[in-house]
Amino acid sequence: MLIQRGGLKVVAGLGISGVSAVNFLHKQGYQVAVTDSRTTPPGHDQIPSGVRSSFGKLDLELLLQAEEIILSPGLAPQLPEIQQAIAQGIPVVSDIQLLRRATEVPIVAITGSNAKSTVTTLIGLMAADAGKKVAVGGNLGRPALDLLKDQPELIVLELSSFQLETTSHLNAEVAVLLNMSEDHLDRHGDMLGYHKAKHRIFQGVKKVVYNRDDSLSRPLVPDVTPMQSFGLNAPDLNQYGVLREADGSMWLARGRERLIKSSDLYIQGMHNIANALACLALGEAIGLATSSMLETLKTFKGLEHRCEYVETIDGVRYYNDSKGTNVGATLAAIDGLGAAIEAKQGKLALIVGGQGKGQDFKPLRDAIQKYVKKVILIGEDAAVIEQALQGTTTIQHANNLKEAVDAAQKVTQAEDVVLLSPACASFDMFKSYNDRGHQFVACVHALNENKN
């Protein structure tokens, strides 16, 4: 029997956000159905009874009966079945849209090509340490709708371009687009499509934080919207930035006020100083005390797989930046660590490669020429990357991660750094970027054990 139009919510695509949306809507008393192109999608066993499911292909008949389609971020709105539903006037939204409808709780919204997980986690910790009842999730960790179970007074959301392209009028308390570099062009078509998706985060925003070093991340919002910037230069009054001393030391500052020395942070590299400054500006926008935020900053050790320090072997430090899945992230890691070791004549051995997602790798050339003594290529698009980097430094191919780590060890000496920052997706050789990072860490530890 066909369910009649008028109230049917169809969730397209399972996985953690799809399961969360199904359960949320079912609990709200809606008629809910779910469809997925996979025969046994992840989470299929967590669907409540009474929810109609159709697996094995996206069920067009079901989609066309929907009052509204909730699209999981892994599925593109460009899919023919979704486009047919849109042509019939059926709204297609994200789980983020459902969250916005369901609560008046203020939202701190964070997106960017890189560093969004670090900034989301850090501002979440700052809010918790300041005594706020905060729930953190979205693209990172817990699905957005599950956060409502905590009955929070503040929600911190990491948002991907995939989530944002089906989200309208988020009306965030404060929003930031940390940076913009080529990514997901296979989904968005070109930089303009990607840019448009990211900038949806600012629809209805109350306050804006923006990166003044990145012109693409500054939004066009009404003049009355309060805006505060962060950047890696000396800040204007009331803005966040860096003050450099004659002895080479650096201070994170608000205007002329020195807040904390960069050497007092666990997280190192210029990209992490930018992340810390972004969090201070976001925290100010939601009324967190500066003294409390600085205390949190002193103890924050960063996230796994994001320029994560692994070990020092024979004076060479090894860093796992497996989460560096695009050119912008890898560029930030090379510049951040390269600048930090330059004074002691240290150089990088860089392990890069995987599935390139149609990116242009040429933007890495200058940083590689400046800081990298050897590039070791792995994965599906190694030849494409080699072509883009030709003439910058010595390039070598490796068949697997162990071979790559061994090659890096051979060319490095005390004060050098070995950096895994692939600039690519991992699915050609690994289950995920986490799996790639864990395998890298295991290879590095094995080097030390073989030595002893």
# chains A, B, ... in the order shown; residues from 1 in each chain; ligands from 1
call {"tool": "residues_around", "arguments": {"residues": "stretch 351-359 of chain A", "least_positions_apart": "5", "cutoff": "8 Å", "atoms": "only C-alpha atoms", "output": "MDAnalysis selection string"}}
result
chainID A and resid 182:186 326:327 375:382 385 404:405 408 418:429
call {"tool": "select_by_dssp", "arguments": {"residues": "stretch 39-144 of chain A", "states": "helix (DSSP H, G or I)", "output": "ChimeraX atom specification"}}
result
/A:44-46,60-63,80-87,95-102,116-129,144
call {"tool": "residues_around", "arguments": {"residues": "A:Pro91", "least_positions_apart": "4", "cutoff": "9 Å", "atoms": "only C-alpha atoms", "output": "ChimeraX atom specification"}}
result
/A:66-70,85-86
call {"tool": "atom_distance", "arguments": {"atom1": "atom CA of A:Val310", "atom2": "atom CA of A:Gln439"}}
result
11.9 Å
call {"tool": "closest_residue", "arguments": {"among": "A:Asp213, A:Asp360, A:Asp59, A:Asp36", "to": "A:Ser229", "atoms": "only C-alpha atoms"}}
result
A:Asp213
call {"tool": "residues_around", "arguments": {"residues": "A:Leu364", "least_positions_apart": "2", "cutoff": "8 Å", "atoms": "only C-alpha atoms", "output": "MDAnalysis selection string"}}
result
chainID A and resid 327 330:331 361:362 366:368 389
call {"tool": "write_last_selection", "arguments": {"atoms": "C-alpha atoms", "output": "mmCIF file, in the first residue's frame"}}
result
data_model
loop_
_atom_site.group_PDB
_atom_site.id
_atom_site.type_symbol
_atom_site.label_atom_id
_atom_site.label_comp_id
_atom_site.auth_asym_id
_atom_site.auth_seq_id
_atom_site.Cartn_x
_atom_site.Cartn_y
_atom_site.Cartn_z
ATOM 1 C CA VAL A 327 46.308 20.408 -0.971
ATOM 2 C CA THR A 330 49.228 19.750 3.306
ATOM 3 C CA LEU A 331 50.434 23.232 2.379
ATOM 4 C CA PHE A 361 48.922 19.906 -6.812
ATOM 5 C CA LYS A 362 50.990 22.816 -8.227
ATOM 6 C CA ASP A 366 56.935 26.734 -3.641
ATOM 7 C CA ALA A 367 56.669 25.314 -0.112
ATOM 8 C CA ILE A 368 58.273 22.025 -1.218
ATOM 9 C CA LEU A 389 55.952 18.697 -8.537
#
call {"tool": "residues_around", "arguments": {"residues": "A:Val10", "least_positions_apart": "4", "cutoff": "10 Å", "atoms": "only C-alpha atoms", "output": "ChimeraX atom specification"}}
result
/A:21-22,25,31-35,51-53,62-71,92
call {"tool": "decode", "arguments": {"residues": "stretch 192-334 of chain A", "atoms": "C-alpha atoms", "output": "tab-separated table (two decimals), in the first residue's frame"}}
result
chain	number	residue	atom	x	y	z
A	192	LEU	CA	32.59	28.70	-7.35
A	193	GLY	CA	30.26	25.81	-6.50
A	194	TYR	CA	32.41	24.93	-3.48
A	195	HIS	CA	32.60	28.59	-2.40
A	196	LYS	CA	28.80	28.98	-2.63
A	197	ALA	CA	28.22	25.85	-0.50
A	198	LYS	CA	30.65	27.00	2.20
A	199	HIS	CA	29.25	30.54	2.37
A	200	ARG	CA	25.73	29.24	3.14
A	201	ILE	CA	26.99	29.04	6.75
A	202	PHE	CA	26.54	32.84	7.00
A	203	GLN	CA	22.80	32.92	6.13
A	204	GLY	CA	21.08	34.77	8.97
A	205	VAL	CA	24.28	34.86	11.08
A	206	LYS	CA	24.34	37.19	14.12
A	207	LYS	CA	28.15	37.64	14.40
A	208	VAL	CA	31.01	36.77	12.04
A	209	VAL	CA	34.62	35.74	12.61
A	210	TYR	CA	36.77	35.74	9.46
A	211	ASN	CA	40.36	35.04	8.40
A	212	ARG	CA	41.84	38.29	7.06
A	213	ASP	CA	44.71	36.31	5.44
A	214	ASP	CA	42.22	34.52	3.17
A	215	SER	CA	40.06	36.79	1.00
A	216	LEU	CA	37.79	33.91	-0.09
A	217	SER	CA	36.64	33.30	3.47
A	218	ARG	CA	35.30	36.81	4.17
A	219	PRO	CA	31.51	36.84	3.80
A	220	LEU	CA	29.21	39.42	2.26
A	221	VAL	CA	26.83	40.12	5.13
A	222	PRO	CA	24.74	43.18	6.08
A	223	ASP	CA	26.85	46.12	7.35
A	224	VAL	CA	25.23	45.93	10.78
A	225	THR	CA	26.61	42.40	11.40
A	226	PRO	CA	29.44	42.56	13.99
A	227	MET	CA	32.65	41.15	12.44
A	228	GLN	CA	35.97	40.27	14.01
A	229	SER	CA	39.06	39.04	12.20
A	230	PHE	CA	42.08	36.88	12.98
A	231	GLY	CA	45.34	36.60	11.03
A	232	LEU	CA	49.05	35.93	11.31
A	233	ASN	CA	50.10	39.60	11.17
A	234	ALA	CA	49.95	42.44	13.72
A	235	PRO	CA	46.26	43.02	14.50
A	236	ASP	CA	44.33	46.27	14.40
A	237	LEU	CA	42.50	47.42	17.52
A	238	ASN	CA	40.05	44.76	18.82
A	239	GLN	CA	41.19	42.19	16.20
A	240	TYR	CA	43.25	39.03	16.80
A	241	GLY	CA	46.75	38.45	15.43
A	242	VAL	CA	50.44	37.96	16.12
A	243	LEU	CA	53.00	40.38	17.60
A	244	ARG	CA	56.63	39.48	16.92
A	245	GLU	CA	59.42	40.49	19.33
A	246	ALA	CA	63.01	41.43	18.44
A	247	ASP	CA	64.28	38.15	19.96
A	248	GLY	CA	62.12	36.15	17.47
A	249	SER	CA	59.43	35.19	19.98
A	250	MET	CA	55.76	35.51	19.03
A	251	TRP	CA	52.71	36.53	21.01
A	252	LEU	CA	49.06	35.82	20.25
A	253	ALA	CA	47.44	39.22	20.70
A	254	ARG	CA	44.18	41.17	20.68
A	255	GLY	CA	45.06	44.57	19.26
A	256	ARG	CA	48.15	45.70	21.22
A	257	GLU	CA	47.42	43.38	24.14
A	258	ARG	CA	49.76	40.39	24.35
A	259	LEU	CA	47.73	37.34	25.46
A	260	ILE	CA	49.96	34.26	25.34
A	261	LYS	CA	53.40	33.37	23.94
A	262	SER	CA	53.29	30.90	21.03
A	263	SER	CA	55.96	28.82	22.82
A	264	ASP	CA	53.48	28.28	25.71
A	265	LEU	CA	51.16	26.29	23.40
A	266	TYR	CA	51.40	22.51	22.93
A	267	ILE	CA	50.13	22.86	19.36
A	268	GLN	CA	52.95	24.11	17.15
A	269	GLY	CA	53.20	25.54	13.61
A	270	MET	CA	51.77	28.78	12.21
A	271	HIS	CA	48.56	27.05	11.12
A	272	ASN	CA	47.87	26.11	14.74
A	273	ILE	CA	48.49	29.70	15.90
A	274	ALA	CA	45.80	30.73	13.38
A	275	ASN	CA	43.47	28.05	14.83
A	276	ALA	CA	44.04	29.33	18.38
A	277	LEU	CA	43.34	32.93	17.30
A	278	ALA	CA	40.12	31.85	15.54
A	279	CYS	CA	38.96	30.18	18.78
A	280	LEU	CA	39.73	33.27	20.87
A	281	ALA	CA	37.61	35.39	18.49
A	282	LEU	CA	34.75	32.83	18.49
A	283	GLY	CA	34.91	32.62	22.29
A	284	GLU	CA	34.71	36.39	22.61
A	285	ALA	CA	31.63	36.39	20.36
A	286	ILE	CA	29.80	34.05	22.78
A	287	GLY	CA	31.00	35.86	25.89
A	288	LEU	CA	33.75	33.54	27.20
A	289	ALA	CA	36.30	35.17	29.52
A	290	THR	CA	39.74	35.60	27.93
A	291	SER	CA	41.53	34.33	31.05
A	292	SER	CA	39.53	31.09	30.97
A	293	MET	CA	40.17	30.57	27.22
A	294	LEU	CA	43.93	31.06	27.67
A	295	GLU	CA	43.96	28.40	30.42
A	296	THR	CA	42.32	25.93	28.00
A	297	LEU	CA	44.82	26.86	25.27
A	298	LYS	CA	47.77	26.05	27.53
A	299	THR	CA	46.63	22.44	27.96
A	300	PHE	CA	45.20	21.63	24.50
A	301	LYS	CA	47.36	19.00	22.78
A	302	GLY	CA	45.67	18.92	19.37
A	303	LEU	CA	43.90	16.06	17.60
A	304	GLU	CA	44.98	12.65	16.42
A	305	HIS	CA	46.04	12.54	12.71
A	306	ARG	CA	46.26	16.35	12.49
A	307	CYS	CA	49.95	17.27	12.55
A	308	GLU	CA	50.15	14.89	15.50
A	309	TYR	CA	53.64	14.43	16.95
A	310	VAL	CA	54.50	10.71	16.94
A	311	GLU	CA	58.09	10.19	18.08
A	312	THR	CA	61.70	11.41	17.78
A	313	ILE	CA	64.22	8.91	16.41
A	314	ASP	CA	67.90	9.92	16.16
A	315	GLY	CA	66.93	13.59	16.46
A	316	VAL	CA	64.35	13.33	13.64
A	317	ARG	CA	60.74	14.13	14.59
A	318	TYR	CA	57.88	12.22	12.94
A	319	TYR	CA	54.45	13.83	12.42
A	320	ASN	CA	51.18	12.14	11.43
A	321	ASP	CA	48.97	14.51	9.40
A	322	SER	CA	46.86	11.80	7.76
A	323	LYS	CA	43.83	14.11	8.04
A	324	GLY	CA	45.61	16.34	5.49
A	325	THR	CA	43.35	15.08	2.69
A	326	ASN	CA	43.62	18.12	0.43
A	327	VAL	CA	46.31	20.41	-0.97
A	328	GLY	CA	45.48	23.29	1.40
A	329	ALA	CA	45.90	21.12	4.50
A	330	THR	CA	49.23	19.75	3.31
A	331	LEU	CA	50.43	23.23	2.38
A	332	ALA	CA	49.59	24.46	5.90
A	333	ALA	CA	51.48	21.51	7.45
A	334	ILE	CA	54.60	22.00	5.26
